[in-house]
file structure-v9.pdb (PDB, C-alpha atoms)
ATOM      1  CA  MET E   1     110.658 115.802 100.901
ATOM      2  CA  SER E   2     109.544 113.644 103.814
ATOM      3  CA  ASP E   3     110.495 113.928 107.464
ATOM      4  CA  LYS E   4     109.261 110.419 108.160
ATOM      5  CA  ARG E   5     111.522 108.078 110.119
ATOM      6  CA  GLU E   6     112.513 105.131 107.919
ATOM      7  CA  VAL E   7     111.795 101.584 109.113
ATOM      8  CA  PHE E   8     114.010  99.187 107.166
ATOM      9  CA  VAL E   9     112.548  95.708 106.546
ATOM     10  CA  SER E  10     114.632  92.877 105.124
ATOM     11  CA  VAL E  11     112.528  90.779 102.745
ATOM     12  CA  ASP E  12     113.423  87.565 100.957
ATOM     13  CA  VAL E  13     111.270  85.379  98.750
ATOM     14  CA  GLU E  14     111.420  81.941  97.202
ATOM     15  CA  THR E  15     109.640  81.535  93.884
ATOM     16  CA  ALA E  16     108.803  78.953  91.235
ATOM     17  CA  GLY E  17     110.645  80.895  88.536
ATOM     18  CA  PRO E  18     112.111  84.179  87.323
ATOM     19  CA  ILE E  19     109.101  86.499  86.851
ATOM     20  CA  PRO E  20     105.869  87.233  88.720
ATOM     21  CA  GLY E  21     102.571  86.414  87.050
ATOM     22  CA  GLU E  22     104.048  83.607  84.975
ATOM     23  CA  PHE E  23     105.567  81.945  88.047
ATOM     24  CA  SER E  24     104.362  81.778  91.649
ATOM     25  CA  LEU E  25     105.639  83.425  94.783
ATOM     26  CA  LEU E  26     106.074  80.450  97.125
ATOM     27  CA  SER E  27     107.404  81.852 100.392
ATOM     28  CA  ILE E  28     108.071  85.185 102.060
ATOM     29  CA  GLY E  29     110.434  85.849 104.941
ATOM     30  CA  ALA E  30     110.913  89.257 106.528
ATOM     31  CA  CYS E  31     112.359  90.907 109.596
ATOM     32  CA  SER E  32     112.826  94.376 110.955
ATOM     33  CA  ILE E  33     116.476  95.171 110.254
ATOM     34  CA  TYR E  34     117.197  96.872 113.560
ATOM     35  CA  GLU E  35     114.835  94.652 115.585
ATOM     36  CA  PRO E  36     115.479  91.283 113.896
ATOM     37  CA  GLU E  37     113.465  89.397 116.506
ATOM     38  CA  LYS E  38     110.385  90.877 114.800
ATOM     39  CA  THR E  39     109.840  88.382 112.007
ATOM     40  CA  PHE E  40     107.268  87.269 109.463
ATOM     41  CA  ALA E  41     107.167  84.115 107.360
ATOM     42  CA  CYS E  42     104.574  82.350 105.256
ATOM     43  CA  GLU E  43     104.226  79.931 102.385
ATOM     44  CA  LEU E  44     101.736  80.493  99.587
ATOM     45  CA  LYS E  45      99.577  78.353  97.350
ATOM     46  CA  PRO E  46     100.885  78.525  93.766
ATOM     47  CA  ILE E  47      98.823  80.578  91.309
ATOM     48  CA  ASN E  48      99.568  78.112  88.501
ATOM     49  CA  GLY E  49     101.617  75.017  87.749
ATOM     50  CA  ASN E  50     104.507  76.786  86.009
ATOM     51  CA  PHE E  51     107.943  76.205  87.477
ATOM     52  CA  ASP E  52     111.622  76.253  86.711
ATOM     53  CA  PRO E  53     113.073  72.990  88.094
ATOM     54  CA  LYS E  54     116.200  74.823  89.284
ATOM     55  CA  ALA E  55     114.117  77.265  91.352
ATOM     56  CA  LEU E  56     112.338  74.428  93.161
ATOM     57  CA  GLU E  57     115.591  72.514  93.606
ATOM     58  CA  VAL E  58     117.236  75.530  95.269
ATOM     59  CA  SER E  59     114.341  76.188  97.659
ATOM     60  CA  GLY E  60     113.341  72.579  98.270
ATOM     61  CA  LEU E  61     109.686  73.628  98.012
ATOM     62  CA  SER E  62     106.992  71.518  96.341
ATOM     63  CA  LEU E  63     104.119  73.018  94.340
ATOM     64  CA  ASP E  64     101.899  70.067  95.244
ATOM     65  CA  GLU E  65     102.598  70.396  98.966
ATOM     66  CA  LEU E  66     102.096  74.179  98.894
ATOM     67  CA  ALA E  67      98.805  73.733  97.008
ATOM     68  CA  ARG E  68      97.620  71.781 100.077
ATOM     69  CA  THR E  69      99.269  73.701 102.921
ATOM     70  CA  GLY E  70     100.068  77.225 101.704
ATOM     71  CA  LEU E  71      98.038  80.342 102.353
ATOM     72  CA  THR E  72      95.996  81.745  99.504
ATOM     73  CA  PRO E  73      97.882  84.658  97.954
ATOM     74  CA  SER E  74      95.172  87.079  99.162
ATOM     75  CA  ASN E  75      95.424  85.841 102.731
ATOM     76  CA  ALA E  76      99.241  85.807 102.642
ATOM     77  CA  MET E  77      99.507  89.379 101.398
ATOM     78  CA  ARG E  78      96.843  90.615 103.821
ATOM     79  CA  THR E  79      98.676  88.915 106.713
ATOM     80  CA  PHE E  80     102.034  90.303 105.556
ATOM     81  CA  SER E  81     100.557  93.794 105.247
ATOM     82  CA  HIS E  82      99.100  93.624 108.777
ATOM     83  CA  TRP E  83     102.465  92.489 110.147
ATOM     84  CA  LEU E  84     104.266  95.334 108.354
ATOM     85  CA  LEU E  85     101.884  97.848 109.902
ATOM     86  CA  THR E  86     102.890  96.624 113.380
ATOM     87  CA  LEU E  87     106.425  97.867 112.673
ATOM     88  CA  THR E  88     105.502 101.487 112.085
ATOM     89  CA  HIS E  89     103.887 104.310 113.944
ATOM     90  CA  ARG E  90     102.698 107.690 112.788
ATOM     91  CA  ASN E  91     105.301 109.601 110.836
ATOM     92  CA  GLU E  92     107.265 106.451 109.909
ATOM     93  CA  ALA E  93     107.732 104.904 106.480
ATOM     94  CA  LEU E  94     108.536 101.317 105.523
ATOM     95  CA  VAL E  95     111.574 100.693 103.321
ATOM     96  CA  PHE E  96     111.864  97.340 101.524
ATOM     97  CA  VAL E  97     115.434  96.005 101.707
ATOM     98  CA  GLY E  98     116.578  93.017  99.685
ATOM     99  CA  PHE E  99     119.689  91.273  98.465
ATOM    100  CA  ASN E 100     119.182  91.638  94.763
ATOM    101  CA  ALA E 101     116.106  93.679  95.615
ATOM    102  CA  PRO E 102     114.873  93.979  92.014
ATOM    103  CA  PHE E 103     114.041  90.260  91.967
ATOM    104  CA  ASP E 104     112.350  90.013  95.385
ATOM    105  CA  TRP E 105     110.681  93.421  94.966
ATOM    106  CA  SER E 106     109.117  92.421  91.644
ATOM    107  CA  PHE E 107     107.284  89.475  93.225
ATOM    108  CA  VAL E 108     106.273  91.280  96.423
ATOM    109  CA  ASN E 109     105.045  94.358  94.544
ATOM    110  CA  TYR E 110     103.140  92.272  91.981
ATOM    111  CA  TYR E 111     101.479  90.138  94.661
ATOM    112  CA  PHE E 112     100.554  93.109  96.848
ATOM    113  CA  HIS E 113      98.924  94.923  93.928
ATOM    114  CA  ARG E 114      97.246  91.868  92.425
ATOM    115  CA  PHE E 115      95.951  90.312  95.638
ATOM    116  CA  SER E 116      95.470  93.181  98.074
ATOM    117  CA  GLY E 117      95.234  96.307  95.936
ATOM    118  CA  SER E 118      98.234  98.231  97.285
ATOM    119  CA  ASN E 119     101.799  97.810  98.462
ATOM    120  CA  PRO E 120     102.537  99.022 102.050
ATOM    121  CA  PHE E 121     106.109  99.776 100.949
ATOM    122  CA  GLY E 122     104.867 102.202  98.315
ATOM    123  CA  PHE E 123     107.649 102.512  95.775
ATOM    124  CA  THR E 124     110.616 102.190  98.141
ATOM    125  CA  ALA E 125     113.148  99.418  97.677
ATOM    126  CA  LEU E 126     116.805  99.424  98.662
ATOM    127  CA  ASP E 127     119.228  96.895  97.186
ATOM    128  CA  ILE E 128     121.964  95.638  99.543
ATOM    129  CA  LYS E 129     124.256  94.756  96.626
ATOM    130  CA  ALA E 130     124.078  98.324  95.312
ATOM    131  CA  LEU E 131     124.549  99.732  98.830
ATOM    132  CA  TYR E 132     127.702  97.615  99.230
ATOM    133  CA  MET E 133     129.012  98.656  95.833
ATOM    134  CA  GLY E 134     128.467 102.321  96.699
ATOM    135  CA  ALA E 135     130.064 101.956 100.139
ATOM    136  CA  THR E 136     133.177 100.153  98.864
ATOM    137  CA  GLY E 137     133.576 101.286  95.270
ATOM    138  CA  CYS E 138     133.889  97.629  94.259
ATOM    139  CA  ARG E 139     132.889  96.113  90.938
ATOM    140  CA  TRP E 140     129.402  94.628  90.527
ATOM    141  CA  SER E 141     130.928  91.149  90.287
ATOM    142  CA  ASP E 142     132.256  91.657  93.839
ATOM    143  CA  THR E 143     128.749  92.062  95.270
ATOM    144  CA  ARG E 144     128.042  88.332  95.461
ATOM    145  CA  SER E 145     127.013  87.334  98.970
ATOM    146  CA  SER E 146     130.057  85.072  99.328
ATOM    147  CA  ARG E 147     132.428  87.963  98.606
ATOM    148  CA  ILE E 148     130.575  90.331 100.927
ATOM    149  CA  ALA E 149     130.620  87.677 103.664
ATOM    150  CA  GLU E 150     134.407  87.273 103.238
ATOM    151  CA  LYS E 151     134.867  90.948 104.031
ATOM    152  CA  LEU E 152     132.190  91.523 106.681
ATOM    153  CA  LYS E 153     132.228  88.134 108.484
ATOM    154  CA  PRO E 154     128.512  87.814 109.365
ATOM    155  CA  ALA E 155     127.504  85.234 111.975
ATOM    156  CA  LEU E 156     124.591  84.022 109.811
ATOM    157  CA  ALA E 157     124.665  82.483 106.332
ATOM    158  CA  GLY E 158     122.255  82.276 103.406
ATOM    159  CA  THR E 159     120.153  79.116 103.340
ATOM    160  CA  HIS E 160     117.459  79.562 100.644
ATOM    161  CA  ASP E 161     114.890  79.593 103.434
ATOM    162  CA  ALA E 162     113.061  82.909 103.059
ATOM    163  CA  LEU E 163     113.068  83.852 106.751
ATOM    164  CA  GLY E 164     116.636  82.621 107.301
ATOM    165  CA  ASP E 165     117.795  84.643 104.321
ATOM    166  CA  ALA E 166     115.889  87.745 105.459
ATOM    167  CA  LEU E 167     117.696  87.534 108.815
ATOM    168  CA  TYR E 168     121.053  87.045 107.042
ATOM    169  CA  GLN E 169     120.383  90.019 104.767
ATOM    170  CA  ALA E 170     119.483  92.175 107.768
ATOM    171  CA  GLU E 171     122.815  91.305 109.377
ATOM    172  CA  ILE E 172     124.699  92.136 106.158
ATOM    173  CA  PHE E 173     122.853  95.472 105.924
ATOM    174  CA  ARG E 174     123.712  96.348 109.542
ATOM    175  CA  LEU E 175     127.372  95.402 108.969
ATOM    176  CA  ILE E 176     127.604  97.545 105.829
ATOM    177  CA  ARG E 177     126.120 100.490 107.722
ATOM    178  CA  SER E 178     128.270 100.063 110.863
ATOM    179  CA  GLU E 179     131.595  99.006 109.289
ATOM    180  CA  LEU E 180     131.627 100.730 105.916
ATOM    181  CA  ILE E 181     129.331 103.741 106.047
ATOM    182  CA  ASP E 182     128.972 105.013 109.624
ATOM    183  CA  GLU E 183     132.738 104.862 110.217
ATOM    184  CA  SER E 184     133.539 107.170 107.320
TER     185      SER E 184
END
call {"tool": "encode", "arguments": {"input": "structure-v9.pdb", "output": "structure tokens"}}
result
Amino acid sequence: MSDKREVFVSVDVETAGPIPGEFSLLSIGACSIYEPEKTFACELKPINGNFDPKALEVSGLSLDELARTGLTPSNAMRTFSHWLLTLTHRNEALVFVGFNAPFDWSFVNYYFHRFSGSNPFGFTALDIKALYMGATGCRWSDTRSSRIAEKLKPALAGTHDALGDALYQAEIFRLIRSELIDES
């Protein structure tokens, strides 16, 4: 058991396809959930030319443009890791928070291990969809962001921009905690 204070970090990614290794991580957006003005964002050079056209259409990102302007994966993950360390002090632990965390987590974890040797989050990941389902008792099909937004009325909206979506997710997380969990 750990007595460490938990520092929740909302993370969103845009990718070239459904799985890491075969497809590239293209952008990362993150913010401290309870201090959302503390943000991180970067775009990465693709590791290969594989892509799902729908993934690029949704994000609006270009593999050719990112090959010219993106950070190398090693530099991106090193920079992200350094930023994450600015959020914690002694006796605090980072917690990865995502909306459909299994997807975003798989890319972030893969890239941290492949390009920097370790993941600052360790093995912690919290899924907002599962948190909402547990807090409300709803069906999994009711955990779509549009349905959650209908109930919680966030000020922000999802945009398929990694940082914008990380900020939106952080707001959703705070609303779930304040309106559905802390009140009970």
call {"tool": "residues_around", "arguments": {"input": "structure-v9.pdb", "residues": "Ala55 (chain E)", "least_positions_apart": "3", "cutoff": "9 Å", "atoms": "all atoms listed in the file", "output": "PDB file with C-alpha atoms, in the coordinates of the input"}}
result
ATOM      1  CA  GLU E  14     111.420  81.941  97.202  1.00  0.00           C
ATOM      2  CA  THR E  15     109.640  81.535  93.884  1.00  0.00           C
ATOM      3  CA  ALA E  16     108.803  78.953  91.235  1.00  0.00           C
ATOM      4  CA  GLY E  17     110.645  80.895  88.536  1.00  0.00           C
ATOM      5  CA  PRO E  18     112.111  84.179  87.323  1.00  0.00           C
ATOM      6  CA  PHE E  51     107.943  76.205  87.477  1.00  0.00           C
ATOM      7  CA  ASP E  52     111.622  76.253  86.711  1.00  0.00           C
ATOM      8  CA  VAL E  58     117.236  75.530  95.269  1.00  0.00           C
ATOM      9  CA  SER E  59     114.341  76.188  97.659  1.00  0.00           C
ATOM     10  CA  GLY E  60     113.341  72.579  98.270  1.00  0.00           C
ATOM     11  CA  LEU E  61     109.686  73.628  98.012  1.00  0.00           C
TER      12      LEU E  61
END
call {"tool": "closest_atom_pairs", "arguments": {"input": "structure-v9.pdb", "of": "region 21-102 of chain E", "to": "region 4-11 of chain E", "cutoff": "8 Å", "atoms": "only C-alpha atoms", "output": "Markdown table"}}
result
| residue | atom | partner | partner_atom | distance |
| --- | --- | --- | --- | --- |
| E:Ile28 | CA | E:Val11 | CA | 7.2 |
| E:Gly29 | CA | E:Val11 | CA | 5.8 |
| E:Ala30 | CA | E:Val11 | CA | 4.4 |
| E:Cys31 | CA | E:Ser10 | CA | 5.4 |
| E:Ser32 | CA | E:Val9 | CA | 4.6 |
| E:Ile33 | CA | E:Val9 | CA | 5.4 |
| E:Tyr34 | CA | E:Phe8 | CA | 7.5 |
| E:Leu87 | CA | E:Val7 | CA | 7.4 |
| E:Thr88 | CA | E:Val7 | CA | 7.0 |
| E:Asn91 | CA | E:Lys4 | CA | 4.8 |
| E:Glu92 | CA | E:Arg5 | CA | 4.6 |
| E:Ala93 | CA | E:Glu6 | CA | 5.0 |
| E:Leu94 | CA | E:Val7 | CA | 4.9 |
| E:Val95 | CA | E:Phe8 | CA | 4.8 |
| E:Phe96 | CA | E:Val9 | CA | 5.3 |
| E:Val97 | CA | E:Ser10 | CA | 4.7 |
| E:Gly98 | CA | E:Val11 | CA | 5.5 |
call {"tool": "residues_around", "arguments": {"input": "structure-v9.pdb", "residues": "Ala76 (chain E)", "least_positions_apart": "3", "cutoff": "8 Å", "atoms": "only C-alpha atoms", "output": "MDAnalysis selection string"}}
result
chainID E and resid 42:44 71:73 79:80
call {"tool": "closest_atom_pairs", "arguments": {"input": "structure-v9.pdb", "of": "region 119-144 of chain E", "to": "region 150-172 of chain E", "cutoff": "10 Å", "atoms": "all atoms listed in the file", "output": "JSON lines"}}
result
{"residue": "E:Ile128", "atom": "CA", "partner": "E:Gln169", "partner_atom": "CA", "distance": 7.8}
{"residue": "E:Lys129", "atom": "CA", "partner": "E:Ile172", "partner_atom": "CA", "distance": 9.9}
{"residue": "E:Tyr132", "atom": "CA", "partner": "E:Ile172", "partner_atom": "CA", "distance": 9.3}
call {"tool": "write_last_selection", "arguments": {"input": "structure-v9.pdb", "atoms": "C-alpha atoms", "output": "CSV table (one decimal), in the coordinates of the input"}}
result
chain,number,residue,atom,x,y,z
E,128,ILE,CA,122.0,95.6,99.5
E,129,LYS,CA,124.3,94.8,96.6
E,132,TYR,CA,127.7,97.6,99.2
call {"tool": "atom_distance", "arguments": {"input": "structure-v9.pdb", "atom1": "CA of Glu57 (chain E)", "atom2": "CA of Glu37 (chain E)"}}
result
28.5 Å
call {"tool": "resolve_selection", "arguments": {"input": "structure-v9.pdb", "expression": "the PyMOL selection byres ((chain E and resi 63) around 10)", "output": "PyMOL selection string"}}
result
chain E and resi 16+24+26+44-51+56+61-62+64-70
call {"tool": "closest_residue", "arguments": {"input": "structure-v9.pdb", "among": "E:Ala101, E:Leu85, E:Leu180, E:Ile19", "to": "Asp127 (chain E)", "atoms": "only C-alpha atoms"}}
result
E:Ala101
call {"tool": "atom_distance", "arguments": {"input": "structure-v9.pdb", "atom1": "CA of Ser81 (chain E)", "atom2": "CA of Pro120 (chain E)"}}
result
6.4 Å
call {"tool": "closest_residue", "arguments": {"input": "structure-v9.pdb", "among": "E:Ala135, E:Ile148, E:Val108, E:Ile176", "to": "Gly21 (chain E)", "atoms": "only C-alpha atoms"}}
result
E:Val108
